[in-house]
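One structure below.
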Amino acid sequence: MPRLFDLPFGHIADMHFVYGFCNGNARAAVQEYRLRYPERPVLGYRSFIAIHRHLAEFGSVRNRNEQGAMLDVELEEEVLDIIARDPTTSIRRISARLGVSKTCVWRILKKEGLHPYRFRRSHNLVIGDSAARLVFCTWLLCEHRRTMDFLKHILWTDEATFTRTGITNHRNAHLWAVENPHALWPTTFQHQFSINVWAGMIDDLVIGPYVLPNRLNQNTFLEFLREILPVLLEDVPLATRQVMWFQLDGAPAHFARLVRQFLNTHYPRWIGRGGRIAWPPRSPDLTPLDFYLWGSMKQKVYAVVIESREQLLDRIDIAAEEIRQNHAEIQRTTQSVSFRAQACLQSGGEHFENLIN
């Protein structure tokens, strides 16, 4: 395929004429040009757009910037072709490959309305996961349509580990000052510690947090269910507890035989591995604690450098209390599970968070 400026200027003029004939539809212009001039090579549709843009802005398909470097349709086409072949490439790599400044590459991409977006992390789904997610989401939406208050009666639960180092991505951490203070944020410590925290969410309430042993097994979790959970649930109205669904993920301690026997007796409506309703594995995008509570808490907890385990415990309690006061936001979060379940169905049980705002 020849480069744009390997073509005679008459061909470039014909391309611009055809682009106007097609009312600025570049893809249609490619087809029209191919019909009119079957013996000529046809470049990509972006060439038609770039020719028109440069004629409109500069009166020519070529012009020079202040340093005398060539800015032309050909360069734009090369930049956009590189992006089309590898959308994950960087401005630095394009700049080095084409021998132009990063500013020039950025200007071309900005003119095309292109923006750099970050990847979002997600759990890897294995064979069978999508089907399990579809079954669960179908059940949840059917129950929600049958009983409009259904989502208000689900106790979502989970455990999370808080460590001394915490969040390692500090791109959004800033220190405002008149002059650069050259401040440091420690991320590596000789003395490490961690805390395993249980929490729950139901309707507009946050239950807990409660500190569990770092190594959770069936005995310690069973003790928690028998002795601690009833106390934590005292803030939940009795009418809600009588019809409550108790959700757990598939962690080994949750699946232990003694734990399942206890749940069947004391919480017959429970969702989990081996429960009345199966919880789909690797589905943190469906539980409010994973897609809301833990992230919100950790942002608050790690707003300062953690120096001791006691300070970490205090920060966890303070963060939970701040979140607990916003009942409206908590309720919006628990109610949003129905929207997420619908998005999961539309994606065929695959990841869907990249498709929602």
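Please note that chains go A, B, ... in the order of the structure tokens, that every chain numbers its residues from 1, and that ligands are numbered from 1 in the order shown.
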
Would you list the contacts of range 199-206 of chain A as a PyMOL selection string, taking every protein, DNA or RNA residue within 10 Å and counting only C-alpha atoms, but skipping same-chain residues closer than 6 positions in sequence?
-> chain A and resi 149-160+232-233+235-236+240+244-248+287-289+293-294+320-321+323-335

Would you list the contacts of Ala84 in chain A as a compact mmCIF listing (two decimals) with C-alpha atoms, in the first residue's frame, taking every protein, DNA or RNA residue within 12 Å and counting only C-alpha atoms, but skipping same-chain residues closer than 3 positions in sequence?
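around.txt, written as the output of this step:
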# COMPACT_ATOMS: atom_id res chain seq x y z
CA GLY A 44 -7.82 3.99 4.67
CA ARG A 46 -8.89 8.29 7.82
CA GLU A 77 -2.41 8.32 9.12
CA GLU A 78 0.68 6.58 10.48
CA VAL A 79 -0.09 7.55 14.08
CA LEU A 80 -3.71 6.39 13.81
CA ASP A 81 -2.72 3.16 12.08
CA PRO A 87 -4.49 0.33 21.21
CA THR A 88 -2.32 -0.40 24.28
CA THR A 89 0.79 1.33 22.92
CA LEU A 109 -4.76 11.76 19.11
CA LEU A 114 -8.94 9.58 21.52

Please identify which residues in range 148-295 of chain A DSSP calls strand (DSSP E or B) from the backbone, and express them as a ChimeraX atom specification.
-> /A:154-163,194-202,205-212,245-247,270-271,277

Output file for the residues above (C-alpha atoms, as a PDB file, in the first residue's frame):
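Written output follows (out.pdb):
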ATOM      1  CA  ILE A 154     -30.330  -9.883  52.126  1.00  0.00           C
ATOM      2  CA  LEU A 155     -27.436  -9.750  54.578  1.00  0.00           C
ATOM      3  CA  TRP A 156     -24.328  -9.480  52.388  1.00  0.00           C
ATOM      4  CA  THR A 157     -21.163 -10.561  54.220  1.00  0.00           C
ATOM      5  CA  ASP A 158     -17.470 -10.835  53.500  1.00  0.00           C
ATOM      6  CA  GLU A 159     -14.013 -10.761  55.080  1.00  0.00           C
ATOM      7  CA  ALA A 160     -11.136  -8.509  54.068  1.00  0.00           C
ATOM      8  CA  THR A 161      -7.529  -8.221  55.160  1.00  0.00           C
ATOM      9  CA  PHE A 162      -6.082  -4.866  56.173  1.00  0.00           C
ATOM     10  CA  THR A 163      -2.284  -4.696  56.282  1.00  0.00           C
ATOM     11  CA  SER A 194      -2.406  -7.547  59.251  1.00  0.00           C
ATOM     12  CA  ILE A 195      -5.993  -7.668  60.474  1.00  0.00           C
ATOM     13  CA  ASN A 196      -8.770  -9.930  59.172  1.00  0.00           C
ATOM     14  CA  VAL A 197     -12.082  -8.059  59.300  1.00  0.00           C
ATOM     15  CA  TRP A 198     -15.657  -9.321  58.875  1.00  0.00           C
ATOM     16  CA  ALA A 199     -18.477  -6.958  57.917  1.00  0.00           C
ATOM     17  CA  GLY A 200     -22.013  -7.140  56.610  1.00  0.00           C
ATOM     18  CA  MET A 201     -24.464  -4.911  54.763  1.00  0.00           C
ATOM     19  CA  ILE A 202     -28.242  -5.137  54.797  1.00  0.00           C
ATOM     20  CA  LEU A 205     -27.069  -0.678  57.547  1.00  0.00           C
ATOM     21  CA  VAL A 206     -23.416  -1.636  57.868  1.00  0.00           C
ATOM     22  CA  ILE A 207     -22.967  -4.496  60.347  1.00  0.00           C
ATOM     23  CA  GLY A 208     -19.615  -4.640  62.128  1.00  0.00           C
ATOM     24  CA  PRO A 209     -16.762  -4.512  61.459  1.00  0.00           C
ATOM     25  CA  TYR A 210     -15.569  -7.381  63.639  1.00  0.00           C
ATOM     26  CA  VAL A 211     -11.973  -8.599  63.842  1.00  0.00           C
ATOM     27  CA  LEU A 212     -11.586 -12.313  63.144  1.00  0.00           C
ATOM     28  CA  TRP A 245     -31.263 -14.226  53.514  1.00  0.00           C
ATOM     29  CA  PHE A 246     -27.682 -14.725  54.735  1.00  0.00           C
ATOM     30  CA  GLN A 247     -25.068 -14.505  51.964  1.00  0.00           C
ATOM     31  CA  TRP A 270     -28.622 -18.783  53.255  1.00  0.00           C
ATOM     32  CA  ILE A 271     -26.717 -18.174  50.040  1.00  0.00           C
ATOM     33  CA  ILE A 277     -29.001 -20.908  46.886  1.00  0.00           C
TER      34      ILE A 277
END

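Every protein or nucleic acid residue with an atom no more than 10 Å from Ile356 in chain A, counting only C-alpha atoms and leaving out same-chain residues fewer than 5 positions away, appears here: Phe339, Arg340 and Ala343 of chain A.
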